[in-house]
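This report refers to the structure that appears directly beneath it.
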Amino acid sequence: MGAKENRELIERWYKALSDGNFDGMMAMHPDDVVFNLVGNTPISGRSVSKEVVFGQVIAQVVDSLIPETVKFGDKYRIMAADDNCVVAIMEGGGMGKNGEAYAQTYCHIFTIKDGLIVEVHDFFDTVVAEKVVFDNHLQRPETPPKNPFTF
C-alpha cells in the first residue's frame, strides 16, 4: 500500500476510535499486533495480540473512565505518512472514576503491512495515566507550562 492508502487506514482507525467501535479497530490489526507503550506504568511495555491489547491494555484505560465523558479520536492530526508508516498525534480522555480528569495527548507511530496495522508505538503522559487509570498520585508541578504544546 502507498502513503495515501495508509493515511486513509489511519483515518478510519481514528474514526472507529471516536465512535467507540473497538470491533472495527480490531479488524484493522492482525491477530499478532504489537503495541509498545512508553514509560513505566502497569500497562507500559510491549503487548502482543489483539486479545491482550484490546482486552487488557486499552480496556484498563477505558474502564477507569466515566463512560459518558470518554472522547478519543475526535481531535487528531496525521503528521507524516509513507508506504510503511503513519505518524499522528491525538488528544483524548474523559473523567476518571476517581474524580480526576484524564486529559491526554498521544503520539502514535503506526507500522503498516499488507493493509493492516501490525505495530503501534504509543507515547503519552504517563503521569496523567498513573493519576487517573491507576490512582497513583505522582508528584508533578501544578503550574502549567509557560508555552504549552498544541497542535
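Please note that chains go A, B, ... in the order of the C-alpha cells, that every chain numbers its residues from 1, and that ligands are numbered from 1 in the order shown.
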
Hey, what does DSSP flag as strand (DSSP E) within segment 2-79 of chain A? Can you give it to me as a PyMOL selection string?
chain A and resi 34-37+45-48+71-79

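Contact shell of Leu37 of chain A at 7 Å (only C-alpha atoms; same-chain neighbours under 3 positions omitted): A:Ser44, A:Gly45, A:Arg46, A:His121, A:Asp122, A:Phe123.
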
Based on the selection just made, write C-alpha atoms of those residues as a PDB file, in the first residue's frame.
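Writing the result to selection27.pdb gives the following:
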```pdb
ATOM      1  CA  SER A  44       3.749   0.144  29.664  1.00  0.00           C
ATOM      2  CA  GLY A  45       5.938  -2.100  27.582  1.00  0.00           C
ATOM      3  CA  ARG A  46       5.349  -4.442  24.678  1.00  0.00           C
ATOM      4  CA  HIS A 121       4.300   2.836  19.271  1.00  0.00           C
ATOM      5  CA  ASP A 122       2.197   4.858  21.717  1.00  0.00           C
ATOM      6  CA  PHE A 123       3.664   7.873  23.540  1.00  0.00           C
TER       7      PHE A 123
END
```

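Atom CA of Asp19 of chain A is found 19.3 Å from atom CA of Gly96 of chain A.
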
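The space between atom CA of Gln104 of chain A and atom CA of Glu91 of chain A spans 5.7 Å.
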
Applying 12 Å and only C-alpha atoms, which residues near Phe110 of chain A remain after dropping the ones on its own chain fewer than 2 positions away? List them as a PDB file with C-alpha atoms, in the first residue's frame.
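The result, written out as out-v3.pdb:
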```pdb
ATOM      1  CA  ASN A   6      -2.037   4.098   4.722  1.00  0.00           C
ATOM      2  CA  ARG A   7      -3.233   7.563   5.647  1.00  0.00           C
ATOM      3  CA  LEU A   9      -6.440   3.420   7.014  1.00  0.00           C
ATOM      4  CA  ILE A  10      -5.351   5.515   9.997  1.00  0.00           C
ATOM      5  CA  GLU A  11      -8.175   8.000   9.408  1.00  0.00           C
ATOM      6  CA  TRP A  13      -8.846   3.846  12.750  1.00  0.00           C
ATOM      7  CA  TYR A  14      -9.357   7.218  14.455  1.00  0.00           C
ATOM      8  CA  MET A  28      -7.552  -3.198  11.167  1.00  0.00           C
ATOM      9  CA  HIS A  29      -4.930  -5.288  13.017  1.00  0.00           C
ATOM     10  CA  VAL A  33      -0.462  -6.992  16.529  1.00  0.00           C
ATOM     11  CA  VAL A  34       2.219  -5.419  18.715  1.00  0.00           C
ATOM     12  CA  PHE A  35       1.611  -2.314  20.854  1.00  0.00           C
ATOM     13  CA  ASN A  36       4.593  -0.585  22.505  1.00  0.00           C
ATOM     14  CA  ILE A  78      -1.567  12.944  10.778  1.00  0.00           C
ATOM     15  CA  MET A  79       1.947  14.334  10.758  1.00  0.00           C
ATOM     16  CA  ALA A  80       3.566  12.018   8.199  1.00  0.00           C
ATOM     17  CA  ALA A  81       2.686   9.023   6.046  1.00  0.00           C
ATOM     18  CA  ASP A  82       4.684   6.800   3.731  1.00  0.00           C
ATOM     19  CA  ASP A  83       4.483   3.292   2.270  1.00  0.00           C
ATOM     20  CA  ASN A  84       5.142   1.596   5.635  1.00  0.00           C
ATOM     21  CA  CYS A  85       4.360   4.040   8.422  1.00  0.00           C
ATOM     22  CA  VAL A  86       1.991   6.760   9.610  1.00  0.00           C
ATOM     23  CA  VAL A  87       2.763   9.165  12.466  1.00  0.00           C
ATOM     24  CA  ALA A  88      -0.088  11.021  14.175  1.00  0.00           C
ATOM     25  CA  ILE A  89      -0.898  12.954  17.320  1.00  0.00           C
ATOM     26  CA  CYS A 107       1.767  10.375  19.646  1.00  0.00           C
ATOM     27  CA  HIS A 108       1.122   7.232  17.614  1.00  0.00           C
ATOM     28  CA  ILE A 112       1.509  -0.949   8.282  1.00  0.00           C
ATOM     29  CA  LYS A 113       1.948  -4.131   6.278  1.00  0.00           C
ATOM     30  CA  GLY A 115      -3.191  -3.152   4.617  1.00  0.00           C
ATOM     31  CA  LEU A 116      -3.129  -3.875   8.367  1.00  0.00           C
ATOM     32  CA  ILE A 117      -1.633  -2.021  11.327  1.00  0.00           C
ATOM     33  CA  VAL A 118       0.942  -4.533  12.553  1.00  0.00           C
ATOM     34  CA  GLU A 119       2.651  -2.426  15.216  1.00  0.00           C
ATOM     35  CA  VAL A 120       1.922   0.744  17.187  1.00  0.00           C
ATOM     36  CA  HIS A 121       4.300   2.836  19.271  1.00  0.00           C
ATOM     37  CA  ASP A 122       2.197   4.858  21.717  1.00  0.00           C
ATOM     38  CA  PHE A 123       3.664   7.873  23.540  1.00  0.00           C
TER      39      PHE A 123
END
```

Identify, on the basis of only C-alpha atoms, every residue whose closest approach to Gly92 of chain A does not exceed 8 Å; exclude the query and any residue fewer than 4 positions from it along the same chain; express the result as a ChimeraX atom specification.
/A:70-75,102-105

What residues in segment 34-135 of chain A get the DSSP label helix (DSSP H, G or I)? Please answer as a PyMOL selection string.
chain A and resi 50-63+67-69+126-132

What's around Pro42 of chain A at 12 Å? Count only C-alpha atoms, leave out sequence neighbours fewer than 4 positions away in its own chain, and write the answer as a ChimeraX atom specification.
/A:37-38,46-47,56-57,60-61,126-127,129-130,133-136

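Nearest to Gly24 of chain A of all the residues A:Asn98, A:Tyr76, A:Arg12, A:Thr41 is A:Arg12, counting only C-alpha atoms.
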
Counting only C-alpha atoms, figure out which residue out of A:Thr111, A:Asp125, A:Glu100, A:Val132 gets nearest to Met1 of chain A.
A:Thr111

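Take atom CA of Asp31 of chain A and atom CA of Ile109 of chain A: the distance between them is 18.6 Å.
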